[in-house]
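Peer 1: You'll find coords_19.txt just under this line, and it carries compact mmCIF, C-alpha atoms.
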# COMPACT_ATOMS: atom_id res chain seq x y z
CA MET A 31 12.88 -11.73 -7.64
CA ASP A 32 11.17 -14.25 -9.95
CA HIS A 33 7.48 -13.53 -10.37
CA GLU A 34 6.77 -17.17 -11.18
CA ARG A 35 5.94 -16.94 -14.87
CA THR A 36 7.35 -19.07 -17.63
CA PRO A 37 8.81 -17.01 -20.51
CA ASP A 38 6.57 -18.75 -23.08
CA GLN A 39 3.29 -18.41 -21.18
CA SER A 40 0.53 -17.11 -23.41
CA ILE A 41 -0.92 -13.75 -22.43
CA GLU A 42 -4.26 -15.09 -23.66
CA GLU A 43 -4.11 -17.67 -20.88
CA VAL A 44 -3.49 -14.86 -18.40
CA LEU A 45 -6.42 -12.85 -19.72
CA GLN A 46 -8.73 -15.86 -19.70
CA ARG A 47 -7.89 -16.42 -16.03
CA VAL A 48 -8.42 -12.75 -15.14
CA GLU A 49 -11.65 -12.51 -17.14
CA ALA A 50 -13.02 -15.62 -15.43
CA ALA A 51 -12.19 -14.09 -12.05
CA PHE A 52 -13.99 -10.88 -13.05
CA GLU A 53 -17.07 -12.82 -14.06
CA ALA A 54 -17.05 -14.81 -10.84
CA ARG A 55 -16.15 -12.17 -8.26
CA GLU A 56 -16.01 -8.54 -9.43
CA GLY A 57 -19.79 -8.13 -9.32
CA LEU A 58 -19.63 -8.62 -5.55
CA VAL A 59 -16.18 -7.26 -4.69
CA HIS A 60 -16.23 -4.05 -6.79
CA ALA A 61 -12.45 -3.70 -6.77
CA PHE A 62 -12.14 -1.98 -10.15
CA VAL A 63 -13.51 1.22 -11.60
CA GLU A 64 -16.00 0.32 -14.35
CA GLU A 65 -14.52 0.28 -17.84
CA PRO A 66 -16.62 -0.64 -20.88
CA GLY A 67 -14.70 -2.87 -23.26
CA ARG A 68 -12.02 -3.70 -20.70
CA PHE A 69 -11.04 -7.07 -22.15
CA GLU A 70 -11.21 -5.92 -25.76
CA ARG A 71 -8.66 -3.25 -24.82
CA LEU A 72 -6.52 -5.74 -22.94
CA ARG A 73 -6.47 -8.16 -25.87
CA ARG A 74 -5.39 -5.36 -28.21
CA GLU A 75 -2.58 -4.47 -25.84
CA ALA A 76 -1.66 -8.13 -25.42
CA ARG A 77 -1.40 -8.64 -29.17
CA GLU A 78 0.89 -5.63 -29.41
CA LEU A 79 3.09 -7.00 -26.60
CA GLU A 80 3.35 -10.40 -28.31
CA ARG A 81 4.15 -8.70 -31.62
CA ARG A 82 6.98 -6.75 -30.00
CA PHE A 83 8.26 -9.70 -27.97
CA PRO A 84 7.42 -12.89 -29.90
CA THR A 85 9.66 -15.31 -27.97
CA GLY A 86 10.66 -15.90 -24.39
CA SER A 87 14.29 -15.01 -24.99
CA VAL A 88 13.45 -11.36 -25.69
CA ARG A 89 10.50 -10.87 -23.36
CA PRO A 90 10.85 -8.27 -20.58
CA PRO A 91 10.75 -9.31 -16.90
CA LEU A 92 7.07 -8.55 -16.22
CA PHE A 93 5.74 -9.88 -19.52
CA GLY A 94 2.05 -10.67 -19.09
CA LEU A 95 1.82 -9.65 -15.44
CA ALA A 96 -1.73 -8.40 -14.80
CA ILE A 97 -1.69 -5.27 -12.65
CA GLY A 98 -4.28 -2.89 -11.24
CA VAL A 99 -3.51 0.79 -10.69
CA LYS A 100 -5.06 2.82 -7.90
CA ASP A 101 -7.31 5.49 -9.33
CA ILE A 102 -5.20 8.42 -8.18
CA ILE A 103 -2.31 7.38 -10.47
CA ASN A 104 -2.37 8.45 -14.11
CA VAL A 105 -2.44 5.76 -16.80
CA GLU A 106 -2.40 6.69 -20.47
CA GLY A 107 -5.81 6.00 -22.01
CA LEU A 108 -7.65 5.64 -18.67
CA PRO A 109 -9.12 8.66 -16.88
CA THR A 110 -8.19 9.38 -13.26
CA ARG A 111 -11.24 10.01 -11.06
CA ALA A 112 -9.66 9.80 -7.58
CA GLY A 113 -12.79 8.31 -6.04
CA THR A 114 -14.72 11.55 -6.48
CA SER A 115 -17.35 13.10 -8.74
CA LEU A 116 -15.13 16.09 -9.55
CA PRO A 117 -14.37 16.43 -13.28
CA PRO A 118 -11.59 13.97 -14.22
CA GLU A 119 -10.04 16.67 -16.40
CA LEU A 120 -8.73 18.26 -13.19
CA PHE A 121 -6.43 15.28 -12.65
CA ALA A 122 -5.39 14.64 -16.24
CA GLY A 123 -1.70 14.53 -17.07
CA PRO A 124 1.07 12.35 -18.46
CA GLU A 125 1.25 8.72 -17.45
CA ALA A 126 2.94 8.28 -14.08
CA PRO A 127 6.59 7.20 -14.45
CA CYS A 128 6.02 4.22 -12.17
CA VAL A 129 3.25 2.94 -14.49
CA HIS A 130 5.30 3.65 -17.61
CA ARG A 131 8.18 1.60 -16.24
CA LEU A 132 5.87 -1.34 -15.53
CA ARG A 133 4.35 -1.23 -19.01
CA GLN A 134 7.80 -1.06 -20.58
CA ALA A 135 8.64 -4.19 -18.59
CA GLY A 136 5.68 -6.03 -20.15
CA ALA A 137 2.94 -5.57 -17.54
CA LEU A 138 -0.69 -5.29 -18.63
CA VAL A 139 -2.85 -2.73 -16.82
CA VAL A 140 -6.14 -4.51 -16.07
CA GLY A 141 -7.66 -1.19 -15.07
CA LYS A 142 -8.06 1.41 -12.36
CA THR A 143 -8.74 0.14 -8.85
CA VAL A 144 -11.23 1.82 -6.54
CA THR A 145 -9.83 4.31 -4.03
CA THR A 146 -11.44 6.13 -1.17
CA GLU A 147 -12.15 9.77 -2.03
CA PHE A 148 -8.82 11.46 -2.74
CA ALA A 149 -7.05 8.56 -0.97
CA TYR A 150 -8.39 9.68 2.42
CA LEU A 151 -11.18 8.01 4.42
CA ALA A 152 -14.53 8.37 2.59
CA PRO A 153 -15.02 4.78 1.35
CA GLY A 154 -15.96 3.50 -2.08
CA PRO A 155 -18.05 0.41 -2.91
CA THR A 156 -15.29 -2.20 -2.53
CA ARG A 157 -15.89 -5.22 -0.29
CA ASN A 158 -13.49 -7.60 1.40
CA PRO A 159 -13.17 -10.79 -0.72
CA HIS A 160 -12.87 -12.93 2.42
CA ASP A 161 -16.20 -11.68 3.78
CA PRO A 162 -18.15 -9.09 1.75
CA ASP A 163 -19.80 -7.75 4.90
CA HIS A 164 -16.41 -6.38 6.00
CA THR A 165 -14.30 -3.51 4.73
CA PRO A 166 -11.21 -4.26 2.61
CA GLY A 167 -9.46 -1.32 4.27
CA GLY A 168 -8.31 1.81 2.54
CA SER A 169 -7.43 3.95 0.91
CA SER A 170 -6.01 1.37 -1.54
CA SER A 171 -9.25 -0.58 -1.18
CA GLY A 172 -9.64 -1.90 -4.72
CA SER A 173 -5.94 -2.70 -5.08
CA ALA A 174 -5.93 -4.98 -2.04
CA ALA A 175 -9.29 -6.57 -2.80
CA GLY A 176 -8.41 -7.04 -6.48
CA VAL A 177 -5.25 -8.99 -5.65
CA ALA A 178 -7.00 -11.02 -2.93
CA ALA A 179 -9.86 -11.91 -5.30
CA GLY A 180 -7.52 -13.01 -8.10
CA LEU A 181 -8.58 -10.15 -10.39
CA CYS A 182 -4.94 -9.15 -10.91
CA ASP A 183 -1.49 -10.43 -9.97
CA ALA A 184 -0.40 -7.16 -8.39
CA ALA A 185 -1.74 -3.67 -7.89
CA LEU A 186 -0.29 -0.25 -7.21
CA GLY A 187 -1.42 1.67 -4.18
CA THR A 188 -0.35 4.65 -2.15
CA GLN A 189 0.10 5.28 1.56
CA THR A 190 -0.13 8.54 3.49
CA VAL A 191 -1.03 6.97 6.85
CA GLY A 192 -1.78 3.26 6.44
CA SER A 193 -3.33 2.97 2.99
CA LEU A 194 -1.21 0.01 1.84
CA MET A 195 -0.38 -1.85 5.04
CA ARG A 196 -3.89 -1.82 6.52
CA PRO A 197 -5.79 -3.16 3.45
CA ALA A 198 -3.00 -5.68 2.88
CA ALA A 199 -3.55 -6.99 6.42
CA PHE A 200 -7.35 -6.96 6.09
CA CYS A 201 -7.27 -8.78 2.73
CA GLY A 202 -4.46 -11.23 3.51
CA VAL A 203 -1.96 -10.21 0.80
CA PRO A 204 1.66 -9.03 1.03
CA ALA A 205 2.59 -5.44 0.24
CA MET A 206 5.53 -3.07 0.28
CA LYS A 207 5.90 0.65 0.82
CA PRO A 208 9.45 1.51 -0.30
CA SER A 209 11.47 4.28 1.34
CA LYS A 210 10.13 7.76 0.61
CA GLY A 211 11.35 8.88 -2.78
CA ARG A 212 12.57 5.57 -4.16
CA VAL A 213 9.47 5.27 -6.34
CA PRO A 214 8.69 8.55 -8.13
CA ASP A 215 5.28 9.93 -7.18
CA ALA A 216 4.88 12.14 -10.25
CA GLY A 217 1.59 11.59 -12.04
CA THR A 218 -0.39 10.94 -8.85
CA VAL A 219 -3.12 13.00 -7.20
CA ALA A 220 -1.40 14.08 -4.00
CA LEU A 221 -2.96 13.97 -0.54
CA ALA A 222 0.00 15.18 1.54
CA PRO A 223 3.19 15.25 -0.55
CA THR A 224 5.58 14.95 2.42
CA LEU A 225 3.85 11.76 3.55
CA ASP A 226 2.63 10.17 0.28
CA HIS A 227 4.33 6.94 -0.85
CA VAL A 228 3.72 4.77 -3.94
CA GLY A 229 3.89 1.03 -3.30
CA CYS A 230 2.59 -2.36 -4.38
CA LEU A 231 0.42 -5.25 -3.24
CA GLY A 232 0.84 -8.67 -4.85
CA ARG A 233 -0.20 -12.29 -4.69
CA ASP A 234 3.18 -13.20 -3.14
CA LEU A 235 6.42 -11.50 -2.15
CA GLY A 236 8.13 -12.50 -5.39
CA VAL A 237 5.57 -10.54 -7.38
CA VAL A 238 5.77 -7.59 -4.97
CA GLU A 239 9.54 -7.43 -5.33
CA ALA A 240 9.42 -7.73 -9.13
CA VAL A 241 7.02 -4.78 -9.35
CA VAL A 242 8.82 -2.65 -6.77
CA ALA A 243 12.21 -3.33 -8.37
CA THR A 244 10.89 -2.21 -11.75
CA MET A 245 9.39 0.99 -10.34
CA VAL A 246 12.54 1.82 -8.37
CA GLY A 247 14.90 1.14 -11.25
CA ASP A 248 18.17 0.87 -9.30
CA TRP A 249 17.08 -2.13 -7.23
CA ALA A 250 19.89 -4.43 -6.04
CA PRO A 251 18.38 -7.70 -4.72
CA GLY A 252 19.48 -8.39 -1.16
CA GLU A 253 20.36 -11.68 0.49
CA VAL A 254 20.71 -12.31 4.23
CA ASP A 255 21.82 -15.52 5.92
CA ASP A 256 21.42 -14.81 9.63
CA ARG A 257 18.09 -14.45 11.38
CA PRO A 258 17.41 -10.77 11.98
CA ARG A 259 17.27 -9.25 15.45
CA ILE A 260 13.74 -7.85 15.66
CA GLY A 261 12.59 -4.80 17.61
CA VAL A 262 9.10 -4.53 19.11
CA PRO A 263 7.58 -1.07 19.79
CA GLY A 264 6.52 -0.06 23.29
CA GLU A 265 3.27 -0.14 25.23
CA ASP A 266 2.12 3.37 24.26
CA TYR A 267 2.03 2.14 20.67
CA LEU A 268 0.72 -1.41 21.16
CA ALA A 269 -2.10 -0.19 23.43
CA HIS A 270 -3.79 1.09 20.25
CA ALA A 271 -4.31 -2.47 19.01
CA GLU A 272 -7.63 -4.17 19.75
CA ASP A 273 -7.60 -7.03 22.25
CA SER A 274 -7.94 -9.60 19.49
CA GLY A 275 -5.19 -7.94 17.46
CA ARG A 276 -2.88 -7.74 20.48
CA THR A 277 -3.45 -11.40 21.25
CA HIS A 278 -2.77 -12.47 17.69
CA PHE A 279 0.37 -10.33 17.53
CA GLY A 280 1.59 -12.01 20.72
CA MET A 281 1.11 -15.40 19.08
CA VAL A 282 3.19 -14.28 16.11
CA LEU A 283 5.98 -13.10 18.41
CA SER A 284 5.92 -16.41 20.29
CA LEU A 285 6.15 -18.31 17.02
CA LEU A 286 9.14 -16.29 15.88
CA GLU A 287 10.90 -16.78 19.21
CA SER A 288 10.26 -20.52 19.01
CA MET A 289 11.95 -20.52 15.61
CA GLY A 290 15.07 -18.87 16.94
CA PHE A 291 14.45 -15.20 16.18
CA GLU A 292 15.66 -12.80 18.86
CA LEU A 293 13.11 -10.17 19.89
CA VAL A 294 14.00 -6.91 21.59
CA ARG A 295 11.18 -5.24 23.54
CA THR A 296 11.56 -1.45 23.52
CA GLU A 297 9.76 1.73 24.58
CA LEU A 298 9.67 3.04 21.01
CA PHE A 299 6.91 5.59 20.28
CA SER A 300 6.20 6.69 23.82
CA GLY A 301 3.76 9.57 23.64
CA PHE A 302 2.09 7.90 20.68
CA ASP A 303 -1.15 9.90 20.80
CA ALA A 304 0.76 13.15 20.26
CA LEU A 305 2.68 11.54 17.39
CA VAL A 306 -0.56 10.65 15.62
CA ASP A 307 -1.94 14.16 16.18
CA ARG A 308 1.13 15.73 14.59
CA HIS A 309 0.80 13.36 11.63
CA ARG A 310 -2.82 14.45 11.12
CA ASP A 311 -1.86 18.12 11.43
CA LEU A 312 0.77 17.81 8.70
CA MET A 313 -1.59 15.83 6.48
CA ALA A 314 -4.35 18.44 6.93
CA ILE A 315 -2.09 21.41 6.16
CA GLU A 316 -0.70 19.82 3.01
CA ALA A 317 -4.05 18.43 1.82
CA GLU A 318 -5.70 21.83 2.23
CA ALA A 319 -3.02 23.39 0.01
CA VAL A 320 -3.50 20.67 -2.64
CA HIS A 321 -7.28 21.07 -2.67
CA ARG A 322 -7.70 24.81 -2.15
CA THR A 323 -8.62 25.68 -5.74
CA TRP A 324 -10.58 22.50 -6.45
CA ARG A 325 -12.60 22.85 -3.27
CA ALA A 326 -13.41 26.50 -3.95
CA GLU A 327 -14.96 25.47 -7.27
CA HIS A 328 -16.54 22.15 -6.26
CA GLU A 329 -17.28 22.40 -2.53
CA ARG A 330 -20.56 20.45 -2.66
CA ARG A 331 -18.91 17.48 -4.37
CA TYR A 332 -16.54 16.84 -1.47
CA HIS A 333 -17.52 14.19 1.07
CA ALA A 334 -17.98 15.49 4.61
CA ILE A 335 -15.13 13.25 5.80
CA THR A 336 -12.72 14.85 3.34
CA ARG A 337 -13.93 18.34 4.21
CA SER A 338 -13.28 17.65 7.89
CA LEU A 339 -9.62 16.90 7.12
CA LEU A 340 -9.26 20.10 5.10
CA ASP A 341 -11.01 22.12 7.82
CA ARG A 342 -8.54 20.82 10.41
CA ALA A 343 -5.87 22.92 8.71
CA THR A 344 -7.49 26.09 10.09
CA GLU A 345 -6.95 24.79 13.65
CA VAL A 346 -3.20 24.30 13.28
CA ASP A 347 -1.29 27.21 14.79
CA GLU A 348 2.36 28.02 14.13
CA ARG A 349 3.62 25.92 17.05
CA ARG A 350 1.69 22.83 15.97
CA LEU A 351 2.73 23.34 12.36
CA ALA A 352 6.41 23.55 13.29
CA GLU A 353 6.13 20.37 15.37
CA ALA A 354 4.30 18.55 12.57
CA ARG A 355 6.86 19.54 9.94
CA GLU A 356 9.74 18.52 12.19
CA GLN A 357 8.31 15.11 13.04
CA PRO A 358 9.25 13.04 9.93
CA GLY A 359 12.97 13.77 10.22
CA ARG A 360 12.96 13.37 13.99
CA LEU A 361 11.19 10.02 13.84
CA ARG A 362 13.64 8.72 11.25
CA ASP A 363 16.55 9.78 13.46
CA GLU A 364 14.97 8.11 16.51
CA LEU A 365 14.46 4.85 14.62
CA GLU A 366 18.04 4.85 13.33
CA ALA A 367 19.45 5.62 16.79
CA ALA A 368 17.43 2.85 18.44
CA MET A 369 18.48 0.34 15.77
CA ASP A 370 22.13 1.30 16.26
CA GLU A 371 22.00 1.20 20.05
CA LEU A 372 20.12 -2.10 20.33
CA ALA A 373 21.57 -3.79 17.21
CA ILE A 374 18.08 -4.16 15.71
CA ASP A 375 17.81 -5.24 12.07
CA LEU A 376 14.09 -4.56 11.62
CA TRP A 377 10.92 -3.71 13.52
CA ILE A 378 7.74 -5.77 13.74
CA ALA A 379 4.27 -4.46 14.59
CA PRO A 380 0.63 -5.35 13.99
CA GLY A 381 -0.42 -4.53 10.44
CA ALA A 382 -3.71 -3.11 11.76
CA PRO A 383 -5.41 -2.83 15.16
CA GLY A 384 -7.31 -6.07 14.49
CA PRO A 385 -9.20 -7.85 11.72
CA ALA A 386 -11.21 -5.99 9.08
CA PRO A 387 -14.14 -4.23 10.81
CA LEU A 388 -17.71 -5.20 10.00
CA GLY A 389 -19.47 -2.85 7.58
CA LEU A 390 -18.43 -0.58 4.72
CA ASP A 391 -18.87 2.85 6.34
CA SER A 392 -15.28 2.89 7.59
CA THR A 393 -12.01 1.52 6.24
CA GLY A 394 -10.52 1.02 9.71
CA ASN A 395 -7.93 2.80 11.80
CA GLY A 396 -4.46 3.46 10.35
CA ALA A 397 -2.81 4.86 13.48
CA LEU A 398 -0.46 1.87 13.90
CA ASN A 399 0.91 2.50 10.41
CA ALA A 400 1.46 6.24 10.86
CA PRO A 401 4.95 6.41 12.43
CA TRP A 402 6.60 4.21 9.82
CA THR A 403 4.98 6.31 7.08
CA ALA A 404 5.97 9.62 8.68
CA ALA A 405 9.57 8.43 8.99
CA GLY A 406 9.57 7.42 5.33
CA VAL A 407 11.19 4.06 6.08
CA PRO A 408 10.56 0.93 3.99
CA THR A 409 7.71 -1.21 5.28
CA VAL A 410 6.47 -4.66 4.26
CA SER A 411 3.12 -6.20 5.18
CA LEU A 412 2.92 -9.98 5.56
CA PRO A 413 -0.17 -12.15 5.98
CA ALA A 414 -0.04 -13.76 9.42
CA GLY A 415 -2.86 -16.29 9.52
CA ARG A 416 -6.52 -15.74 10.35
CA ASN A 417 -8.66 -15.12 13.39
CA ALA A 418 -11.37 -17.42 14.69
CA ASP A 419 -13.87 -15.97 12.20
CA GLY A 420 -11.61 -16.71 9.24
CA LEU A 421 -10.61 -13.09 8.64
CA PRO A 422 -6.99 -12.41 7.66
CA MET A 423 -4.52 -10.90 10.11
CA GLY A 424 -1.23 -9.26 9.22
CA VAL A 425 2.04 -7.89 10.55
CA GLN A 426 4.20 -5.05 9.24
CA LEU A 427 7.99 -5.04 9.16
CA SER A 428 10.05 -1.85 8.87
CA GLY A 429 13.75 -1.30 8.27
CA ARG A 430 16.32 1.44 7.83
CA PHE A 431 15.66 4.27 5.41
CA GLY A 432 16.99 3.36 1.97
CA ASP A 433 17.75 -0.24 2.96
CA ASP A 434 14.69 -1.61 1.17
CA GLU A 435 16.41 -4.60 -0.41
CA ALA A 436 17.69 -5.90 2.94
CA LEU A 437 14.28 -5.45 4.55
CA LEU A 438 12.59 -7.45 1.80
CA ALA A 439 15.20 -10.21 2.04
CA ARG A 440 14.55 -10.47 5.79
CA ALA A 441 10.81 -10.33 5.18
CA ARG A 442 11.12 -13.38 2.93
CA MET A 443 12.76 -15.26 5.80
CA ILE A 444 9.94 -14.34 8.20
CA ASP A 445 7.27 -14.99 5.56
CA ARG A 446 8.45 -18.60 5.19
CA VAL A 447 7.95 -19.10 8.93
CA LEU A 448 4.47 -17.55 8.90
CA LEU A 449 3.41 -19.52 5.81
CA ALA A 450 4.62 -22.77 7.36
CA ASP A 451 2.70 -22.26 10.59
For the file at hand, write its structure as structure tokens.

Peer 2:
Amino acid sequence: MDHERTPDQSIEEVLQRVEAAFEAREGLVHAFVEEPGRFERLRREARELERRFPTGSVRPPLFGLAIGVKDIINVEGLPTRAGTSLPPELFAGPEAPCVHRLRQAGALVVGKTVTTEFAYLAPGPTRNPHDPDHTPGGSSSGSAAGVAAGLCDAALGTQTVGSLMRPAAFCGVPAMKPSKGRVPDAGTVALAPTLDHVGCLGRDLGVVEAVVATMVGDWAPGEVDDRPRIGVPGEDYLAHAEDSGRTHFGMVLSLLESMGFELVRTELFSGFDALVDRHRDLMAIEAEAVHRTWRAEHERRYHAITRSLLDRATEVDERRLAEAREQPGRLRDELEAAMDELAIDLWIAPGAPGPAPLGLDSTGNGALNAPWTAAGVPTVSLPAGRNADGLPMGVQLSGRFGDDEALLARARMIDRVLLAD
């Protein structure tokens, strides 16, 4: 769980590195919400940290780690705007517990990272650091791009469909969405509370684990010796990948098999289109309830894409609502049963349908991430090389609910294979 810092490293050295990255790249990438006096604030906070913890022997585990925080998560001293022009006073509140825990552990908040409007689909200005003509994904757009561009060591994001896994794949950085409820989501602007998860993207898995462990609090690092037995979802699911994404995923599977990993092909997620529809129904119903008062007062400030989600709620009858509300528990049970029956340790799937799409009008399709989010199971995104155009590709790994530590330990094993290829 080492985040690769020496106890005596100067925070000034960290800030000089981050500031240089901002000067070189932020003007093009636009990963962070603008903040006048950002580095003056950071140096004040750094001096206070060094005053409290003057030597390595007493420094907390994340001392000097530079983090970004998605702009739907409250941070003391920084307004929450949620990617919208609505008054930030609507979202004001105490600092989110997950952020407070990170600051207590010595992390420095570089700033708020750009989010799509209300963490849904209407994109912000952020560009993909690997090719600025392509989207970074969303809704945790700035968090993924900020880590990929070296503007921070790690960044917090959230996922309601695919808002961590998809941008992680598009930007070529690892990420983790812990099991639903392991990271408290208090202090965040909700989209759909049943489906919302707080997670982390980082420059490597060691950083991701250090941040996740701090947010969770009762983290018990896992170790595994044997290669995991890996399940692969069925054709109804994989048919939603693009041809290039399907081909690349096949290459990853072949590599793992050549390295001695046992793959189990399954029919998991048959009837996938209906699954995705139920996910959208639940998200629409819950989002409409969250936004009812705000929208009534600020209708014209909502993007048409966000309004379309809220309007969907009026189409959901009692039968569809019952099916949507039942789906998360049913999916979790189906995953557990399949893992028991087939002795599967984890699942592997494409992190996104393909590489980051060209243009900034869309953040891509999150359908392939939806079932793992609905089930609330832990999920890790790993970079998995690049396509012929040099754009990152990724895979996502999912495990048993609550077994986050074991999933991450197995992910480290697979990550070493993918990094070595």

Peer 1: Residues of segment 336-433 of chain A that have any atom at most 7 Å from an atom of segment 151-155 of chain A: could you tabulate them with the shortest-distance atom pair and the distance in Å to one decimal, using all atoms listed in the file, ordered by chain and increasing number, as a tab-separated table?

Peer 2:
residue	atom	partner	partner_atom	distance
A:Thr336	CA	A:Ala152	CA	6.8
A:Asp391	CA	A:Pro153	CA	6.6
A:Ser392	CA	A:Pro153	CA	6.5
A:Thr393	CA	A:Pro153	CA	6.6

Peer 1: Which of these residues is nearest to Ile374 of chain A, using all atoms listed in the file: A:Ile260, A:Ala319, A:Val139, A:Val213?

Peer 2: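 Ranked by minimum distance to Ile374 of chain A, first place goes to A:Ile260.
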
Peer 1: So which one's closest to Val59 of chain A, A:Ala76, A:Ala368, A:Val294, A:Val144? Using all atoms listed in the file, please.

Peer 2: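 Going through A:Ala76, A:Ala368, A:Val294, A:Val144 one by one, the smallest distance to Val59 of chain A is for A:Val144.
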
Peer 1: Give me, as a list of chain:residue names, all polymer residues having an atom no more than 7 Å from Thr296 of chain A, counting all atoms listed in the file and skipping those fewer than 6 positions away in the same chain.

Peer 2: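 That gives A:Gly261, A:Val262, A:Pro263, A:Gly264.
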
Peer 1: For Pro117 of chain A, which residue out of A:Glu327, A:Glu64, A:Asp341, A:Asp234 is the nearest one, using all atoms listed in the file?

Peer 2: A:Glu327

Peer 1: Pick from A:Gly394, A:Pro204, A:Pro383, A:Pro408: nearest to Phe279 of chain A, with only C-alpha atoms counted?

Peer 2: A:Pro383

Peer 1: Atoms are missing here; could segment 327-342 of chain A be completed with N, CA, C and O atoms and written as a PDB file, keeping the file's coordinate frame?

Peer 2:
ATOM      1  N   GLU A 327     -14.091  25.586  -6.101  1.00  0.00           N
ATOM      2  CA  GLU A 327     -14.960  25.470  -7.270  1.00  0.00           C
ATOM      3  C   GLU A 327     -15.980  24.341  -7.157  1.00  0.00           C
ATOM      4  O   GLU A 327     -16.998  24.362  -7.854  1.00  0.00           O
ATOM      5  N   HIS A 328     -15.704  23.357  -6.290  1.00  0.00           N
ATOM      6  CA  HIS A 328     -16.540  22.150  -6.260  1.00  0.00           C
ATOM      7  C   HIS A 328     -16.866  21.719  -4.826  1.00  0.00           C
ATOM      8  O   HIS A 328     -16.937  20.520  -4.530  1.00  0.00           O
ATOM      9  N   GLU A 329     -17.079  22.680  -3.950  1.00  0.00           N
ATOM     10  CA  GLU A 329     -17.280  22.400  -2.530  1.00  0.00           C
ATOM     11  C   GLU A 329     -18.322  21.313  -2.282  1.00  0.00           C
ATOM     12  O   GLU A 329     -18.107  20.401  -1.486  1.00  0.00           O
ATOM     13  N   ARG A 330     -19.454  21.375  -2.957  1.00  0.00           N
ATOM     14  CA  ARG A 330     -20.560  20.450  -2.660  1.00  0.00           C
ATOM     15  C   ARG A 330     -20.255  19.020  -3.094  1.00  0.00           C
ATOM     16  O   ARG A 330     -20.958  18.104  -2.677  1.00  0.00           O
ATOM     17  N   ARG A 331     -19.248  18.833  -3.922  1.00  0.00           N
ATOM     18  CA  ARG A 331     -18.910  17.480  -4.370  1.00  0.00           C
ATOM     19  C   ARG A 331     -17.967  16.761  -3.408  1.00  0.00           C
ATOM     20  O   ARG A 331     -17.706  15.575  -3.583  1.00  0.00           O
ATOM     21  N   TYR A 332     -17.447  17.459  -2.438  1.00  0.00           N
ATOM     22  CA  TYR A 332     -16.540  16.840  -1.470  1.00  0.00           C
ATOM     23  C   TYR A 332     -17.342  16.115  -0.385  1.00  0.00           C
ATOM     24  O   TYR A 332     -18.324  16.653   0.152  1.00  0.00           O
ATOM     25  N   HIS A 333     -16.905  14.923  -0.035  1.00  0.00           N
ATOM     26  CA  HIS A 333     -17.520  14.190   1.070  1.00  0.00           C
ATOM     27  C   HIS A 333     -17.230  14.919   2.377  1.00  0.00           C
ATOM     28  O   HIS A 333     -16.167  15.530   2.544  1.00  0.00           O
ATOM     29  N   ALA A 334     -18.153  14.823   3.316  1.00  0.00           N
ATOM     30  CA  ALA A 334     -17.980  15.490   4.610  1.00  0.00           C
ATOM     31  C   ALA A 334     -16.713  15.035   5.319  1.00  0.00           C
ATOM     32  O   ALA A 334     -16.065  15.822   6.029  1.00  0.00           O
ATOM     33  N   ILE A 335     -16.341  13.755   5.155  1.00  0.00           N
ATOM     34  CA  ILE A 335     -15.130  13.250   5.800  1.00  0.00           C
ATOM     35  C   ILE A 335     -13.897  13.950   5.249  1.00  0.00           C
ATOM     36  O   ILE A 335     -12.977  14.316   6.005  1.00  0.00           O
ATOM     37  N   THR A 336     -13.861  14.155   3.938  1.00  0.00           N
ATOM     38  CA  THR A 336     -12.720  14.850   3.340  1.00  0.00           C
ATOM     39  C   THR A 336     -12.708  16.310   3.758  1.00  0.00           C
ATOM     40  O   THR A 336     -11.646  16.874   4.075  1.00  0.00           O
ATOM     41  N   ARG A 337     -13.871  16.943   3.786  1.00  0.00           N
ATOM     42  CA  ARG A 337     -13.930  18.340   4.210  1.00  0.00           C
ATOM     43  C   ARG A 337     -13.425  18.506   5.642  1.00  0.00           C
ATOM     44  O   ARG A 337     -12.772  19.503   5.961  1.00  0.00           O
ATOM     45  N   SER A 338     -13.716  17.529   6.493  1.00  0.00           N
ATOM     46  CA  SER A 338     -13.280  17.650   7.890  1.00  0.00           C
ATOM     47  C   SER A 338     -11.761  17.649   7.993  1.00  0.00           C
ATOM     48  O   SER A 338     -11.183  18.338   8.847  1.00  0.00           O
ATOM     49  N   LEU A 339     -11.083  16.868   7.136  1.00  0.00           N
ATOM     50  CA  LEU A 339      -9.620  16.900   7.120  1.00  0.00           C
ATOM     51  C   LEU A 339      -9.129  18.271   6.687  1.00  0.00           C
ATOM     52  O   LEU A 339      -8.240  18.864   7.325  1.00  0.00           O
ATOM     53  N   LEU A 340      -9.696  18.805   5.609  1.00  0.00           N
ATOM     54  CA  LEU A 340      -9.260  20.100   5.100  1.00  0.00           C
ATOM     55  C   LEU A 340      -9.549  21.210   6.106  1.00  0.00           C
ATOM     56  O   LEU A 340      -8.746  22.149   6.262  1.00  0.00           O
ATOM     57  N   ASP A 341     -10.663  21.108   6.814  1.00  0.00           N
ATOM     58  CA  ASP A 341     -11.010  22.120   7.820  1.00  0.00           C
ATOM     59  C   ASP A 341     -10.057  22.088   9.004  1.00  0.00           C
ATOM     60  O   ASP A 341      -9.847  23.122   9.671  1.00  0.00           O
ATOM     61  N   ARG A 342      -9.484  20.927   9.287  1.00  0.00           N
ATOM     62  CA  ARG A 342      -8.540  20.820  10.410  1.00  0.00           C
ATOM     63  C   ARG A 342      -7.365  21.780  10.227  1.00  0.00           C
ATOM     64  O   ARG A 342      -6.778  22.255  11.216  1.00  0.00           O
TER      65      ARG A 342
END
